[in-house]
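Reviewing the structure listed below.
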Amino acid sequence: MKFCEITFSPTGGTQKAADLLTNALGGASTAVDLTDSNADFSAVVFAPEDVAVIAVPSYGGRVPGPAVQRLRTMKGGGAMAVLVCVYGNRAYEDTLVELEDAAKQAGFRVVAAVAAIAEHSIARQYAAGRPDAEDQKQLQGFAEKIREKLAAGDCTEPSIPGNRPYKKAGGSNMVPKPTKDCNSCGVCAQKCPVQAIDRQDPKCTDKNRCISCMRCVSVCPQSARKVSSVLLAAVDVALKKVCSDRKEGELYL
């Protein structure tokens, strides 16, 4: 049984949660980075005995569009899939069911699903430092139960919460902009998952392509890309009530 980790993790929170779960399951022998805009995902092929841990963040209760599109082109080949939705302590709403549908369309058999919490990618004061030690312990417990199910040859589909049709996807308009410290090094443009930043002039961003993933903010070596402080303040007001209480991960078998 070989494990493959498939992740869409622009700022690292989803990757961290996925790594904790995958390592507890036995470790990944291969990895697929769904943020790589240059990769040929149609060339990714699985066999029935494989297990794929497919992890994505929740953006407004939905799977990021590029992650869905890229996952659907893979050849699941009947491999078993453990779905992981990572959210910033607000809610994940229809993310898991949308991920389930995309995985099935790619030919995977969904056998388990996990909702985990990581630091909010925009309002980083919420779920700061998560996944933490408590989350790690919980994910290890989830992995043990998933291993038991796999060892028993149980491939039944879990009942995953969410709505079909999914909630309407909304745009956040949180487009990071360069500050005076930007030296046009181009790292942000190279790492952007949707190529929204002009490689010839990294100070130019296509706001229609930007998915507000904050990858450019997290990778800038000069810390020279920021979101408007006014917009951040508005986000804080909107999230303060719903994000203040600590939420815990959930397992669906």
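Going through the structure tokens in order, the chains are called A, B, and so on, while each chain numbers its residues from 1 and the ligands are numbered from 1 in the order shown.
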
### Residues near Arg90 in chain A, cut-off 9 Å, only C-alpha atoms, skip fewer than 4 positions along chain, as an NGL selection string
:A and (120 or 126 or 239 or 242-244 or 247)

### Task
Select from range 39-243 of chain A everything DSSP, run on the backbone, classes as alpha helix (DSSP H), then give the selection as a PyMOL selection string.
chain A and resi 65-72+95-105+133-151+187-191+215-219+229-243

Using DSSP on the backbone coordinates, identify all residues within range 15-221 of chain A classified as strand (DSSP E); present the result as a compact mmCIF listing (two decimals) with N, CA and C atoms, in the first residue's frame.
# COMPACT_ATOMS: atom_id res chain seq x y z
N THR A 30 5.17 9.47 -2.48
CA THR A 30 5.19 10.48 -3.54
C THR A 30 4.32 11.66 -3.11
N ALA A 31 4.53 12.79 -3.79
CA ALA A 31 3.76 13.99 -3.47
C ALA A 31 3.40 14.72 -4.75
N VAL A 32 2.23 15.34 -4.76
CA VAL A 32 1.77 16.13 -5.89
C VAL A 32 1.37 17.51 -5.38
N ASP A 33 1.95 18.54 -5.96
CA ASP A 33 1.69 19.92 -5.55
C ASP A 33 0.69 20.56 -6.51
N VAL A 51 -3.15 4.68 -1.99
CA VAL A 51 -3.97 5.54 -1.13
C VAL A 51 -3.50 6.98 -1.32
N ALA A 52 -4.42 7.86 -1.66
CA ALA A 52 -4.10 9.27 -1.86
C ALA A 52 -4.71 10.10 -0.74
N VAL A 53 -3.88 10.89 -0.08
CA VAL A 53 -4.37 11.87 0.88
C VAL A 53 -4.49 13.19 0.10
N ILE A 54 -5.73 13.64 -0.10
CA ILE A 54 -5.98 14.83 -0.92
C ILE A 54 -6.41 15.96 0.00
N ALA A 55 -5.55 16.99 0.10
CA ALA A 55 -5.78 18.06 1.08
C ALA A 55 -5.89 19.42 0.41
N VAL A 56 -6.94 20.16 0.78
CA VAL A 56 -7.16 21.50 0.22
C VAL A 56 -7.62 22.43 1.33
N PRO A 57 -7.41 23.73 1.17
CA PRO A 57 -7.99 24.69 2.12
C PRO A 57 -9.44 24.99 1.74
N MET A 80 -7.78 4.46 -3.35
CA MET A 80 -8.54 4.94 -2.21
C MET A 80 -8.10 6.36 -1.85
N ALA A 81 -9.04 7.19 -1.47
CA ALA A 81 -8.74 8.59 -1.17
C ALA A 81 -9.19 8.95 0.24
N VAL A 82 -8.28 9.63 0.95
CA VAL A 82 -8.58 10.23 2.24
C VAL A 82 -8.61 11.73 2.01
N LEU A 83 -9.77 12.33 2.16
CA LEU A 83 -9.93 13.76 1.89
C LEU A 83 -9.62 14.58 3.13
N VAL A 84 -8.96 15.70 2.93
CA VAL A 84 -8.65 16.60 4.05
C VAL A 84 -9.03 18.02 3.66
N CYS A 85 -9.90 18.61 4.44
CA CYS A 85 -10.28 20.01 4.26
C CYS A 85 -9.72 20.79 5.44
N VAL A 86 -8.98 21.85 5.16
CA VAL A 86 -8.35 22.65 6.22
C VAL A 86 -8.95 24.06 6.19
N TYR A 87 -9.40 24.53 7.34
CA TYR A 87 -10.04 25.84 7.39
C TYR A 87 -9.53 26.66 8.57
N ARG A 109 -11.71 6.35 -5.03
CA ARG A 109 -12.73 5.82 -4.13
C ARG A 109 -12.53 6.49 -2.78
N VAL A 110 -13.48 7.28 -2.36
CA VAL A 110 -13.36 8.02 -1.10
C VAL A 110 -13.68 7.08 0.07
N VAL A 111 -12.73 6.93 1.00
CA VAL A 111 -12.92 6.03 2.13
C VAL A 111 -12.91 6.75 3.48
N ALA A 112 -12.45 7.99 3.50
CA ALA A 112 -12.42 8.74 4.75
C ALA A 112 -12.29 10.22 4.43
N ALA A 113 -12.70 11.05 5.38
CA ALA A 113 -12.58 12.50 5.21
C ALA A 113 -12.29 13.13 6.57
N VAL A 114 -11.48 14.18 6.53
CA VAL A 114 -11.07 14.87 7.75
C VAL A 114 -11.24 16.37 7.55
N ALA A 115 -11.76 17.04 8.55
CA ALA A 115 -11.75 18.50 8.59
C ALA A 115 -10.75 18.91 9.67
N ALA A 116 -9.79 19.74 9.31
CA ALA A 116 -8.75 20.15 10.24
C ALA A 116 -8.65 21.67 10.25
N ILE A 117 -8.01 22.20 11.26
CA ILE A 117 -7.90 23.65 11.42
C ILE A 117 -6.44 24.08 11.30
N LYS A 177 -0.86 43.81 -2.74
CA LYS A 177 -0.15 44.75 -3.59
C LYS A 177 1.27 44.96 -3.08
N PRO A 178 2.19 45.30 -3.99
CA PRO A 178 3.58 45.51 -3.56
C PRO A 178 3.72 46.81 -2.78

### Task
Enter the distance from CA of Tyr59 in chain A to CA of Asp206 in chain A, in Å, rounded to one decimal.
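A separation of 19.0 Å between them.
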